[in-house]
>>> print(open('structure-v4.json').read())   # JSON, C-alpha atoms and all ligand atoms
[["chain", "number", "residue", "atom", "x", "y", "z"],
["A", 658, "MET", "CA", 21.56, 55.66, 160.97],
["A", 659, "PRO", "CA", 20.68, 53.46, 157.99],
["A", 660, "GLU", "CA", 23.01, 50.46, 158.08],
["A", 661, "THR", "CA", 21.55, 48.48, 155.18],
["A", 662, "PRO", "CA", 18.12, 48.77, 153.52],
["A", 663, "LEU", "CA", 16.88, 46.16, 156.06],
["A", 664, "VAL", "CA", 18.56, 47.41, 159.22],
["A", 665, "GLU", "CA", 18.59, 50.73, 160.97],
["A", 666, "HIS", "CA", 21.60, 51.13, 163.25],
["A", 667, "ARG", "CA", 20.27, 52.61, 166.48],
["A", 668, "ILE", "CA", 22.92, 54.64, 168.24],
["A", 669, "LEU", "CA", 23.39, 53.43, 171.81],
["A", 670, "TYR", "CA", 24.44, 55.45, 174.80],
["A", 671, "PRO", "CA", 27.51, 53.43, 175.87],
["A", 672, "PRO", "CA", 26.34, 51.24, 178.80],
["A", 673, "ILE", "CA", 29.79, 51.63, 180.36],
["A", 674, "TYR", "CA", 28.42, 54.85, 181.86],
["A", 675, "ARG", "CA", 26.31, 53.68, 184.75],
["A", 676, "THR", "CA", 24.51, 56.96, 185.31],
["A", 677, "GLY", "CA", 22.13, 58.56, 182.89],
["A", 678, "GLY", "CA", 21.93, 62.24, 182.08],
["A", 679, "VAL", "CA", 20.29, 64.90, 180.02],
["A", 680, "VAL", "CA", 20.72, 65.09, 176.25],
["A", 681, "LYS", "CA", 22.20, 68.52, 175.53],
["A", 682, "TYR", "CA", 22.90, 68.20, 171.84],
["A", 683, "ILE", "CA", 21.80, 66.02, 168.95],
["A", 684, "ALA", "CA", 23.43, 66.47, 165.55],
["A", 685, "PRO", "CA", 21.09, 67.60, 162.79],
["A", 686, "GLU", "CA", 20.20, 65.14, 160.04],
["A", 687, "GLY", "CA", 23.06, 64.81, 157.57],
["A", 688, "GLU", "CA", 26.11, 62.84, 156.60],
["A", 689, "TYR", "CA", 28.55, 61.86, 159.32],
["A", 690, "THR", "CA", 31.41, 59.44, 159.79],
["A", 691, "ILE", "CA", 31.18, 56.97, 162.66],
["A", 692, "ASP", "CA", 33.79, 58.99, 164.56],
["A", 693, "ASP", "CA", 31.78, 62.21, 164.59],
["A", 694, "VAL", "CA", 30.07, 63.22, 167.82],
["A", 695, "ILE", "CA", 26.36, 63.01, 167.13],
["A", 696, "ALA", "CA", 25.03, 63.63, 170.62],
["A", 697, "GLU", "CA", 26.19, 65.03, 173.92],
["A", 698, "VAL", "CA", 24.80, 63.91, 177.25],
["A", 699, "GLU", "CA", 25.30, 65.91, 180.43],
["A", 700, "THR", "CA", 25.90, 63.51, 183.33],
["A", 701, "LYS", "CA", 27.11, 63.84, 186.92],
["A", 702, "GLU", "CA", 30.55, 62.70, 185.77],
["A", 703, "GLY", "CA", 30.77, 65.24, 182.97],
["A", 704, "THR", "CA", 29.71, 65.46, 179.35],
["A", 705, "VAL", "CA", 29.56, 62.16, 177.47],
["A", 706, "LYS", "CA", 30.18, 62.50, 173.75],
["A", 707, "VAL", "CA", 28.15, 59.86, 171.90],
["A", 708, "LYS", "CA", 29.52, 58.58, 168.60],
["A", 709, "MET", "CA", 28.08, 56.02, 166.22],
["A", 710, "TRP", "CA", 30.25, 53.32, 167.81],
["A", 711, "HIS", "CA", 31.59, 52.39, 171.18],
["A", 712, "LYS", "CA", 34.11, 49.91, 172.55],
["A", 713, "TRP", "CA", 33.04, 46.86, 174.50],
["A", 714, "PRO", "CA", 35.33, 44.11, 175.87],
["A", 715, "VAL", "CA", 34.21, 40.81, 174.32],
["A", 716, "ARG", "CA", 34.51, 38.87, 177.56],
["A", 717, "ARG", "CA", 32.34, 41.22, 179.57],
["A", 718, "PRO", "CA", 28.60, 40.46, 179.32],
["A", 719, "ARG", "CA", 26.51, 43.46, 178.28],
["A", 720, "PRO", "CA", 24.56, 44.81, 181.25],
["A", 721, "PHE", "CA", 20.83, 44.21, 181.44],
["A", 722, "ARG", "CA", 18.15, 45.15, 183.91],
["A", 723, "GLU", "CA", 16.27, 41.86, 183.97],
["A", 724, "LYS", "CA", 16.67, 38.45, 182.38],
["A", 725, "LEU", "CA", 13.38, 37.51, 180.73],
["A", 726, "PRO", "CA", 12.36, 33.85, 180.95],
["A", 727, "PRO", "CA", 12.39, 32.12, 177.54],
["A", 728, "VAL", "CA", 8.67, 31.35, 177.31],
["A", 729, "GLU", "CA", 7.75, 32.39, 173.78],
["A", 730, "PRO", "CA", 8.54, 29.91, 171.00],
["A", 731, "LEU", "CA", 10.82, 30.93, 168.14],
["A", 732, "ILE", "CA", 9.05, 29.99, 164.94],
["A", 733, "THR", "CA", 11.83, 28.56, 162.82],
["A", 734, "GLY", "CA", 9.77, 27.81, 159.73],
["A", 735, "ILE", "CA", 11.03, 24.21, 159.82],
["A", 736, "ARG", "CA", 8.03, 22.16, 160.89],
["A", 737, "THR", "CA", 9.96, 19.19, 162.25],
["A", 738, "ILE", "CA", 11.94, 21.51, 164.54],
["A", 739, "ASP", "CA", 8.92, 23.58, 165.60],
["A", 740, "THR", "CA", 6.92, 20.42, 166.37],
["A", 741, "LEU", "CA", 9.47, 18.03, 167.84],
["A", 742, "PHE", "CA", 12.27, 20.26, 169.16],
["A", 743, "PRO", "CA", 10.79, 23.72, 169.78],
["A", 744, "ILE", "CA", 13.27, 26.54, 170.46],
["A", 745, "ALA", "CA", 12.35, 29.46, 172.74],
["A", 746, "ILE", "CA", 13.05, 33.12, 172.00],
["A", 747, "GLY", "CA", 15.89, 33.99, 174.34],
["A", 748, "GLY", "CA", 16.82, 30.33, 174.65],
["A", 749, "ALA", "CA", 19.64, 28.21, 173.27],
["A", 750, "ALA", "CA", 19.73, 24.97, 171.29],
["A", 751, "ALA", "CA", 22.34, 22.60, 169.91],
["A", 752, "ILE", "CA", 22.29, 20.46, 166.76],
["A", 753, "PRO", "CA", 24.39, 17.38, 167.49],
["A", 754, "GLY", "CA", 25.26, 15.08, 164.62],
["A", 755, "PRO", "CA", 28.06, 13.20, 162.85],
["A", 756, "PHE", "CA", 30.04, 14.52, 159.87],
["A", 757, "GLY", "CA", 27.98, 15.31, 156.81],
["A", 758, "SER", "CA", 24.64, 14.75, 158.52],
["A", 759, "GLY", "CA", 23.18, 18.15, 157.64],
["A", 760, "LYS", "CA", 24.06, 20.39, 160.58],
["A", 761, "THR", "CA", 25.32, 23.22, 158.40],
["A", 762, "VAL", "CA", 22.37, 22.94, 156.02],
["A", 763, "THR", "CA", 19.95, 23.10, 158.99],
["A", 764, "ILE", "CA", 21.70, 26.17, 160.40],
["A", 765, "ARG", "CA", 21.49, 27.92, 157.04],
["A", 766, "THR", "CA", 17.79, 27.11, 156.81],
["A", 767, "LEU", "CA", 17.29, 28.56, 160.29],
["A", 768, "ALA", "CA", 19.17, 31.70, 159.25],
["A", 769, "MET", "CA", 16.84, 32.10, 156.29],
["A", 770, "TYR", "CA", 13.43, 31.19, 157.63],
["A", 771, "SER", "CA", 13.42, 31.70, 161.40],
["A", 772, "GLU", "CA", 11.55, 34.69, 162.76],
["A", 773, "ALA", "CA", 14.76, 36.29, 164.07],
["A", 774, "ARG", "CA", 15.40, 39.70, 162.62],
["A", 775, "LEU", "CA", 19.20, 39.65, 162.50],
["A", 776, "VAL", "CA", 21.45, 36.63, 162.09],
["A", 777, "PHE", "CA", 25.05, 36.22, 163.23],
["A", 778, "PRO", "CA", 26.69, 33.05, 161.93],
["A", 779, "VAL", "CA", 30.09, 32.31, 163.48],
["A", 780, "LEU", "CA", 32.09, 29.93, 161.28],
["A", 781, "CYS", "CA", 34.35, 28.48, 163.90],
["A", 782, "GLY", "CA", 37.38, 26.43, 162.90],
["A", 783, "GLU", "CA", 36.14, 25.51, 159.41],
["A", 784, "ARG", "CA", 38.69, 24.79, 156.71],
["A", 785, "GLY", "CA", 39.39, 27.88, 154.61],
["A", 786, "ASN", "CA", 37.79, 26.52, 151.45],
["A", 787, "GLU", "CA", 34.67, 25.49, 153.38],
["A", 788, "ALA", "CA", 34.39, 28.95, 154.90],
["A", 789, "ALA", "CA", 34.76, 30.48, 151.42],
["A", 790, "ASP", "CA", 32.05, 28.11, 150.18],
["A", 791, "ALA", "CA", 29.74, 29.05, 153.05],
["A", 792, "LEU", "CA", 30.34, 32.73, 152.36],
["A", 793, "GLN", "CA", 29.60, 32.30, 148.66],
["A", 794, "GLY", "CA", 26.44, 30.38, 149.57],
["A", 795, "LEU", "CA", 25.31, 33.06, 152.03],
["A", 796, "LEU", "CA", 25.91, 35.81, 149.48],
["A", 797, "LYS", "CA", 23.41, 34.14, 147.16],
["A", 798, "LEU", "CA", 20.65, 33.62, 149.76],
["A", 799, "VAL", "CA", 17.60, 35.81, 149.48],
["A", 800, "ASP", "CA", 15.53, 36.89, 152.48],
["A", 801, "PRO", "CA", 12.14, 35.21, 151.93],
["A", 802, "ASN", "CA", 10.21, 38.07, 153.61],
["A", 803, "THR", "CA", 11.65, 41.03, 151.72],
["A", 804, "GLY", "CA", 13.24, 39.50, 148.62],
["A", 805, "ARG", "CA", 16.45, 41.38, 149.44],
["A", 806, "PRO", "CA", 19.86, 39.72, 149.96],
["A", 807, "LEU", "CA", 20.01, 37.91, 153.30],
["A", 808, "MET", "CA", 23.43, 39.53, 153.79],
["A", 809, "GLU", "CA", 21.68, 42.83, 154.52],
["A", 810, "ARG", "CA", 20.61, 41.44, 157.89],
["A", 811, "THR", "CA", 23.57, 39.14, 158.49],
["A", 812, "THR", "CA", 26.96, 39.59, 160.15],
["A", 813, "ILE", "CA", 29.41, 36.73, 159.58],
["A", 814, "ILE", "CA", 32.36, 36.07, 161.86],
["A", 815, "VAL", "CA", 34.87, 33.67, 160.30],
["A", 816, "ASN", "CA", 37.92, 31.99, 161.69],
["A", 817, "THR", "CA", 39.56, 29.16, 159.82],
["A", 818, "SER", "CA", 41.23, 26.02, 161.16],
["A", 819, "ASN", "CA", 44.73, 27.31, 160.35],
["A", 820, "MET", "CA", 44.26, 30.24, 162.72],
["A", 821, "PRO", "CA", 45.46, 29.97, 166.34],
["A", 822, "VAL", "CA", 43.24, 28.20, 168.86],
["A", 823, "ALA", "CA", 42.90, 31.46, 170.80],
["A", 824, "ALA", "CA", 41.33, 33.04, 167.71],
["A", 825, "ARG", "CA", 38.79, 30.22, 167.65],
["A", 826, "GLU", "CA", 37.70, 31.05, 171.14],
["A", 827, "ALA", "CA", 37.76, 34.78, 170.47],
["A", 828, "SER", "CA", 35.52, 34.36, 167.42],
["A", 829, "ILE", "CA", 32.66, 32.99, 169.54],
["A", 830, "TYR", "CA", 32.95, 35.82, 172.09],
["A", 831, "MET", "CA", 33.14, 38.31, 169.24],
["A", 832, "GLY", "CA", 29.96, 36.89, 167.69],
["A", 833, "VAL", "CA", 28.16, 37.00, 171.05],
["A", 834, "THR", "CA", 29.22, 40.60, 171.64],
["A", 835, "ILE", "CA", 28.12, 41.82, 168.21],
["A", 836, "ALA", "CA", 24.81, 39.94, 168.53],
["A", 837, "GLU", "CA", 24.24, 41.44, 171.99],
["A", 838, "TYR", "CA", 25.04, 44.90, 170.66],
["A", 839, "PHE", "CA", 22.23, 44.60, 168.14],
["A", 840, "ARG", "CA", 19.97, 42.90, 170.69],
["A", 841, "ASP", "CA", 20.44, 46.00, 172.86],
["A", 842, "GLN", "CA", 19.16, 48.05, 169.92],
["A", 843, "GLY", "CA", 15.89, 46.14, 170.24],
["A", 844, "TYR", "CA", 16.36, 43.57, 167.48],
["A", 845, "ASP", "CA", 15.72, 39.84, 167.77],
["A", 846, "SER", "CA", 19.25, 38.54, 167.26],
["A", 847, "PHE", "CA", 20.06, 34.96, 166.31],
["A", 848, "LEU", "CA", 23.61, 33.79, 166.95],
["A", 849, "MET", "CA", 24.75, 30.46, 165.53],
["A", 850, "ALA", "CA", 28.16, 28.85, 165.91],
["A", 851, "ASP", "CA", 29.20, 26.24, 163.33],
["A", 852, "SER", "CA", 30.65, 24.34, 164.89],
["A", 853, "THR", "CA", 31.45, 24.27, 168.59],
["A", 854, "SER", "CA", 32.92, 20.76, 168.23],
["A", 855, "ARG", "CA", 35.80, 22.39, 166.33],
["A", 856, "TRP", "CA", 36.08, 24.72, 169.25],
["A", 857, "LEU", "CA", 36.09, 22.01, 171.91],
["A", 858, "ARG", "CA", 38.39, 19.74, 169.93],
["A", 859, "PRO", "CA", 41.04, 22.15, 168.66],
["B", 1, "LIG", "N1", 17.71, 18.00, 154.54],
["B", 1, "LIG", "C1", 18.54, 17.55, 153.59],
["B", 1, "LIG", "N2", 18.07, 16.96, 152.49],
["B", 1, "LIG", "C2", 18.91, 16.50, 151.53],
["B", 1, "LIG", "N3", 20.24, 16.61, 151.57],
["B", 1, "LIG", "C3", 20.78, 17.18, 152.63],
["B", 1, "LIG", "C4", 19.97, 17.69, 153.70],
["B", 1, "LIG", "N4", 20.77, 18.21, 154.66],
["B", 1, "LIG", "C5", 22.03, 18.03, 154.18],
["B", 1, "LIG", "N5", 22.04, 17.42, 152.99],
["B", 1, "LIG", "C6", 23.23, 17.06, 152.19],
["B", 1, "LIG", "O1", 24.26, 16.63, 153.04],
["B", 1, "LIG", "C7", 25.46, 17.32, 152.75],
["B", 1, "LIG", "C8", 26.23, 17.59, 154.04],
["B", 1, "LIG", "O2", 25.45, 18.44, 154.85],
["B", 1, "LIG", "P1", 26.13, 19.48, 155.84],
["B", 1, "LIG", "O3", 27.28, 20.14, 155.19],
["B", 1, "LIG", "O4", 25.04, 20.34, 156.36],
["B", 1, "LIG", "O5", 26.64, 18.50, 156.98],
["B", 1, "LIG", "P2", 27.37, 18.84, 158.35],
["B", 1, "LIG", "O6", 26.66, 18.07, 159.40],
["B", 1, "LIG", "O7", 27.46, 20.31, 158.52],
["B", 1, "LIG", "O8", 28.79, 18.25, 158.11],
["B", 1, "LIG", "P3", 30.21, 18.57, 158.82],
["B", 1, "LIG", "O9", 30.19, 17.87, 160.16],
["B", 1, "LIG", "O10", 31.23, 18.01, 157.91],
["B", 1, "LIG", "O11", 30.28, 20.08, 158.95],
["B", 1, "LIG", "C9", 25.06, 18.61, 152.06],
["B", 1, "LIG", "O12", 25.97, 18.99, 151.09],
["B", 1, "LIG", "C10", 23.74, 18.29, 151.44],
["B", 1, "LIG", "O13", 23.89, 17.93, 150.10],
["B", 2, "MG", "MG", 29.11, 21.63, 158.68]]
>>> encode(input="structure-v4.json", output="C-alpha cells")
Amino acid sequence: MPETPLVEHRILYPPIYRTGGVVKYIAPEGEYTIDDVIAEVETKEGTVKVKMWHKWPVRRPRPFREKLPPVEPLITGIRTIDTLFPIAIGGAAAIPGPFGSGKTVTIRTLAMYSEARLVFPVLCGERGNEAADALQGLLKLVDPNTGRPLMERTTIIVNTSNMPVAAREASIYMGVTIAEYFRDQGYDSFLMADSTSRWLRP
C-alpha cells in the first residue's frame, strides 16, 4: 500500500500467530480502508484475516529469528561522527552534552543525512513550545536524496513536559514499537529520543 510517495507500507502477517499457513485469498488491486480484509491465510488454528494494521503491545519486543551483530557502519553524512565516533547499523549511540550544546541540532542533522531510510524522532518531555518549534522545523526539512519533504519518511512521537511521567515512558516504547514495525517491513529504521535525560529526570 502506498503510504507516502517515499514509503510503501508493506502489509505484515501479524507475528502474534506463531504458525504460518497458506494464503487463500488476496484482495485485488483497488481502494481499501485499513480495516478491510485484504488477505486470508489458512493456518492450523483457523483462517487468519489480514488487515492493513495489527495490534502490538508496546512493551513486548517484536519477535525475530536471529539478532544480527552490528558490524556494518551507519554512514551518517557527518564526517566528525563517521570518523571519530562511528555508529553501527543495528547499534545504539548516545549524544551526551550540557544544555544548548547542540544535541538537538545534531539529531536533526542525523535525521536528514544518515543513510537510514525511515526516521522516528521521539520528542520526550520537551516544553510544548519547543516541541511545536521542532515540528515546524521538521516540516520545512527537505530530504537531500529525493528533494521531497523529509516528513514523508518520518514519524514523530511527541510528549510534552506537562504530560504525566507515565506518558513520557510510554512515548519511548511507542517510538520503539513503531520503528520496529517498519523495520520488520525491511526498512532501515532510525529511532532517536530527544532527550532521555528528561525521561530519567522527570
Ligand atoms: N554545529 C553548530 N554550529 C553552530 N551553531 C550550533 C551548532 N549546533 C547547535 N548550534 C546552536 O546552538 C543552539 C542550541 O542547540 P540545540 O538546541 O541543539 O542544543 P541542545 O543540546 O539540544 O539543548 P537542550 O539541552 O536545551 O535541548 C542552536 O539553536 C544553534 O543555534
Ligand atoms: Mg535539545
>>> residues_near_point(input="structure-v4.json", point="(30.4, 43.1, 168.8)", cutoff="12 Å", atoms="only C-alpha atoms", output="ChimeraX atom specification")
/A:710-719,777,812-814,827-841,848
>>> write_last_selection(input="structure-v4.json", atoms="C-alpha atoms", output="PDB file, keeping the file's coordinate frame")
ATOM      1  CA  TRP A 710      30.250  53.320 167.810  1.00  0.00           C
ATOM      2  CA  HIS A 711      31.590  52.390 171.180  1.00  0.00           C
ATOM      3  CA  LYS A 712      34.110  49.910 172.550  1.00  0.00           C
ATOM      4  CA  TRP A 713      33.040  46.860 174.500  1.00  0.00           C
ATOM      5  CA  PRO A 714      35.330  44.110 175.870  1.00  0.00           C
ATOM      6  CA  VAL A 715      34.210  40.810 174.320  1.00  0.00           C
ATOM      7  CA  ARG A 716      34.510  38.870 177.560  1.00  0.00           C
ATOM      8  CA  ARG A 717      32.340  41.220 179.570  1.00  0.00           C
ATOM      9  CA  PRO A 718      28.600  40.460 179.320  1.00  0.00           C
ATOM     10  CA  ARG A 719      26.510  43.460 178.280  1.00  0.00           C
ATOM     11  CA  PHE A 777      25.050  36.220 163.230  1.00  0.00           C
ATOM     12  CA  THR A 812      26.960  39.590 160.150  1.00  0.00           C
ATOM     13  CA  ILE A 813      29.410  36.730 159.580  1.00  0.00           C
ATOM     14  CA  ILE A 814      32.360  36.070 161.860  1.00  0.00           C
ATOM     15  CA  ALA A 827      37.760  34.780 170.470  1.00  0.00           C
ATOM     16  CA  SER A 828      35.520  34.360 167.420  1.00  0.00           C
ATOM     17  CA  ILE A 829      32.660  32.990 169.540  1.00  0.00           C
ATOM     18  CA  TYR A 830      32.950  35.820 172.090  1.00  0.00           C
ATOM     19  CA  MET A 831      33.140  38.310 169.240  1.00  0.00           C
ATOM     20  CA  GLY A 832      29.960  36.890 167.690  1.00  0.00           C
ATOM     21  CA  VAL A 833      28.160  37.000 171.050  1.00  0.00           C
ATOM     22  CA  THR A 834      29.220  40.600 171.640  1.00  0.00           C
ATOM     23  CA  ILE A 835      28.120  41.820 168.210  1.00  0.00           C
ATOM     24  CA  ALA A 836      24.810  39.940 168.530  1.00  0.00           C
ATOM     25  CA  GLU A 837      24.240  41.440 171.990  1.00  0.00           C
ATOM     26  CA  TYR A 838      25.040  44.900 170.660  1.00  0.00           C
ATOM     27  CA  PHE A 839      22.230  44.600 168.140  1.00  0.00           C
ATOM     28  CA  ARG A 840      19.970  42.900 170.690  1.00  0.00           C
ATOM     29  CA  ASP A 841      20.440  46.000 172.860  1.00  0.00           C
ATOM     30  CA  LEU A 848      23.610  33.790 166.950  1.00  0.00           C
TER      31      LEU A 848
END
>>> residues_around(input="structure-v4.json", residues="A:Ala773", least_positions_apart="5", cutoff="9 Å", atoms="all atoms listed in the file", output="list in words")
Leu731, Ile732, Thr733, Ile746, Leu767, Ala768, Tyr844, Asp845, Ser846 and Phe847 of chain A
>>> axis_aligned_box(input="structure-v4.json", around="ligand LIG 1 (chain B)", padding_each_side="3 Å", output="AutoDock Vina command-line options")
--center_x 24.5 --center_y 18.4 --center_z 155.1 --size_x 19.5 --size_y 9.8 --size_z 16.1
>>> closest_residue(input="structure-v4.json", among="A:Gly757, A:Val762, A:Gln842, A:Phe721", to="A:Ile673", atoms="all atoms listed in the file")
A:Phe721
>>> residues_near_ligand(input="structure-v4.json", ligand="ligand MG 2 (chain B)", cutoff="8 Å", atoms="all atoms listed in the file", output="compact mmCIF listing (two decimals) with C-alpha atoms, keeping the file's coordinate frame")
# COMPACT_ATOMS: atom_id res chain seq x y z
CA PHE A 756 30.04 14.52 159.87
CA GLY A 757 27.98 15.31 156.81
CA GLY A 759 23.18 18.15 157.64
CA LYS A 760 24.06 20.39 160.58
CA THR A 761 25.32 23.22 158.40
CA VAL A 762 22.37 22.94 156.02
CA ASP A 851 29.20 26.24 163.33
CA SER A 852 30.65 24.34 164.89
>>> closest_residue(input="structure-v4.json", among="A:Met769, A:Ala788, A:Met658, A:Ala684", to="ligand LIG 1 (chain B)", atoms="only C-alpha atoms and all ligand atoms")
A:Ala788
>>> residues_around(input="structure-v4.json", residues="A:Thr704", least_positions_apart="2", cutoff="12 Å", atoms="only C-alpha atoms", output="ChimeraX atom specification")
/A:674,676-682,694,696-702,706-707
>>> atom_distance(input="structure-v4.json", atom1="atom CA of A:Thr811", atom2="atom CA of A:Glu686")
26.3 Å
>>> residues_around(input="structure-v4.json", residues="A:Ala745", least_positions_apart="2", cutoff="9 Å", atoms="all atoms listed in the file", output="PDB file with C-alpha atoms, in the coordinates of the input")
ATOM      1  CA  PRO A 727      12.390  32.120 177.540  1.00  0.00           C
ATOM      2  CA  VAL A 728       8.670  31.350 177.310  1.00  0.00           C
ATOM      3  CA  GLU A 729       7.750  32.390 173.780  1.00  0.00           C
ATOM      4  CA  PRO A 730       8.540  29.910 171.000  1.00  0.00           C
ATOM      5  CA  LEU A 731      10.820  30.930 168.140  1.00  0.00           C
ATOM      6  CA  ILE A 732       9.050  29.990 164.940  1.00  0.00           C
ATOM      7  CA  PRO A 743      10.790  23.720 169.780  1.00  0.00           C
ATOM      8  CA  GLY A 747      15.890  33.990 174.340  1.00  0.00           C
ATOM      9  CA  GLY A 748      16.820  30.330 174.650  1.00  0.00           C
ATOM     10  CA  ALA A 749      19.640  28.210 173.270  1.00  0.00           C
ATOM     11  CA  ALA A 750      19.730  24.970 171.290  1.00  0.00           C
TER      12      ALA A 750
END
>>> closest_residue(input="structure-v4.json", among="A:Val779, A:Ala791, A:Leu796, A:Val664", to="ligand LIG 1 (chain B)", atoms="all atoms listed in the file")
A:Ala791
>>> atom_distance(input="structure-v4.json", atom1="atom CA of A:Val815", atom2="atom O4 of ligand LIG 1 (chain B)")
17.0 Å
>>> closest_residue(input="structure-v4.json", among="A:Thr740, A:Thr763, A:Thr690, A:Asn819", to="ligand LIG 1 (chain B)", atoms="all atoms listed in the file")
A:Thr763
>>> closest_residue(input="structure-v4.json", among="A:Ala824, A:Leu807, A:Ala850, A:Leu725", to="ligand LIG 1 (chain B)", atoms="only C-alpha atoms and all ligand atoms")
A:Ala850
>>> atom_distance(input="structure-v4.json", atom1="atom P2 of ligand LIG 1 (chain B)", atom2="atom CA of A:Gln793")
16.7 Å
>>> build_atoms(input="structure-v4.json", residues="stretch 836-850 of chain A", atoms="N, CA, C and O atoms", output="PDB file, in the coordinates of the input")
ATOM      1  N   ALA A 836      26.245  40.282 168.474  1.00  0.00           N
ATOM      2  CA  ALA A 836      24.810  39.940 168.530  1.00  0.00           C
ATOM      3  C   ALA A 836      24.135  40.668 169.691  1.00  0.00           C
ATOM      4  O   ALA A 836      23.024  41.182 169.554  1.00  0.00           O
ATOM      5  N   GLU A 837      24.826  40.739 170.841  1.00  0.00           N
ATOM      6  CA  GLU A 837      24.240  41.440 171.990  1.00  0.00           C
ATOM      7  C   GLU A 837      24.132  42.941 171.733  1.00  0.00           C
ATOM      8  O   GLU A 837      23.186  43.589 172.187  1.00  0.00           O
ATOM      9  N   TYR A 838      25.075  43.474 170.988  1.00  0.00           N
ATOM     10  CA  TYR A 838      25.040  44.900 170.660  1.00  0.00           C
ATOM     11  C   TYR A 838      23.782  45.230 169.863  1.00  0.00           C
ATOM     12  O   TYR A 838      23.101  46.212 170.129  1.00  0.00           O
ATOM     13  N   PHE A 839      23.446  44.364 168.923  1.00  0.00           N
ATOM     14  CA  PHE A 839      22.230  44.600 168.140  1.00  0.00           C
ATOM     15  C   PHE A 839      20.980  44.236 168.929  1.00  0.00           C
ATOM     16  O   PHE A 839      19.939  44.857 168.772  1.00  0.00           O
ATOM     17  N   ARG A 840      21.090  43.218 169.807  1.00  0.00           N
ATOM     18  CA  ARG A 840      19.970  42.900 170.690  1.00  0.00           C
ATOM     19  C   ARG A 840      19.614  44.123 171.540  1.00  0.00           C
ATOM     20  O   ARG A 840      18.453  44.456 171.728  1.00  0.00           O
ATOM     21  N   ASP A 841      20.661  44.816 172.035  1.00  0.00           N
ATOM     22  CA  ASP A 841      20.440  46.000 172.860  1.00  0.00           C
ATOM     23  C   ASP A 841      19.760  47.119 172.076  1.00  0.00           C
ATOM     24  O   ASP A 841      19.196  48.034 172.653  1.00  0.00           O
ATOM     25  N   GLN A 842      19.856  47.055 170.750  1.00  0.00           N
ATOM     26  CA  GLN A 842      19.160  48.050 169.920  1.00  0.00           C
ATOM     27  C   GLN A 842      17.691  47.672 169.742  1.00  0.00           C
ATOM     28  O   GLN A 842      16.937  48.376 169.076  1.00  0.00           O
ATOM     29  N   GLY A 843      17.293  46.529 170.294  1.00  0.00           N
ATOM     30  CA  GLY A 843      15.890  46.140 170.240  1.00  0.00           C
ATOM     31  C   GLY A 843      15.574  45.105 169.173  1.00  0.00           C
ATOM     32  O   GLY A 843      14.412  44.804 168.926  1.00  0.00           O
ATOM     33  N   TYR A 844      16.598  44.560 168.525  1.00  0.00           N
ATOM     34  CA  TYR A 844      16.360  43.570 167.480  1.00  0.00           C
ATOM     35  C   TYR A 844      16.370  42.150 168.061  1.00  0.00           C
ATOM     36  O   TYR A 844      17.093  41.876 169.013  1.00  0.00           O
ATOM     37  N   ASP A 845      15.604  41.250 167.455  1.00  0.00           N
ATOM     38  CA  ASP A 845      15.720  39.840 167.770  1.00  0.00           C
ATOM     39  C   ASP A 845      16.965  39.324 167.066  1.00  0.00           C
ATOM     40  O   ASP A 845      17.002  39.279 165.842  1.00  0.00           O
ATOM     41  N   SER A 846      17.976  38.972 167.830  1.00  0.00           N
ATOM     42  CA  SER A 846      19.250  38.540 167.260  1.00  0.00           C
ATOM     43  C   SER A 846      19.388  37.036 167.379  1.00  0.00           C
ATOM     44  O   SER A 846      19.031  36.460 168.397  1.00  0.00           O
ATOM     45  N   PHE A 847      19.924  36.416 166.348  1.00  0.00           N
ATOM     46  CA  PHE A 847      20.060  34.960 166.310  1.00  0.00           C
ATOM     47  C   PHE A 847      21.526  34.635 166.039  1.00  0.00           C
ATOM     48  O   PHE A 847      22.027  34.872 164.948  1.00  0.00           O
ATOM     49  N   LEU A 848      22.196  34.141 167.089  1.00  0.00           N
ATOM     50  CA  LEU A 848      23.610  33.790 166.950  1.00  0.00           C
ATOM     51  C   LEU A 848      23.731  32.297 166.712  1.00  0.00           C
ATOM     52  O   LEU A 848      23.073  31.506 167.382  1.00  0.00           O
ATOM     53  N   MET A 849      24.529  31.891 165.736  1.00  0.00           N
ATOM     54  CA  MET A 849      24.750  30.460 165.530  1.00  0.00           C
ATOM     55  C   MET A 849      26.236  30.204 165.349  1.00  0.00           C
ATOM     56  O   MET A 849      26.919  30.946 164.655  1.00  0.00           O
ATOM     57  N   ALA A 850      26.732  29.180 166.017  1.00  0.00           N
ATOM     58  CA  ALA A 850      28.160  28.850 165.910  1.00  0.00           C
ATOM     59  C   ALA A 850      28.293  27.501 165.220  1.00  0.00           C
ATOM     60  O   ALA A 850      27.742  26.509 165.672  1.00  0.00           O
TER      61      ALA A 850
END
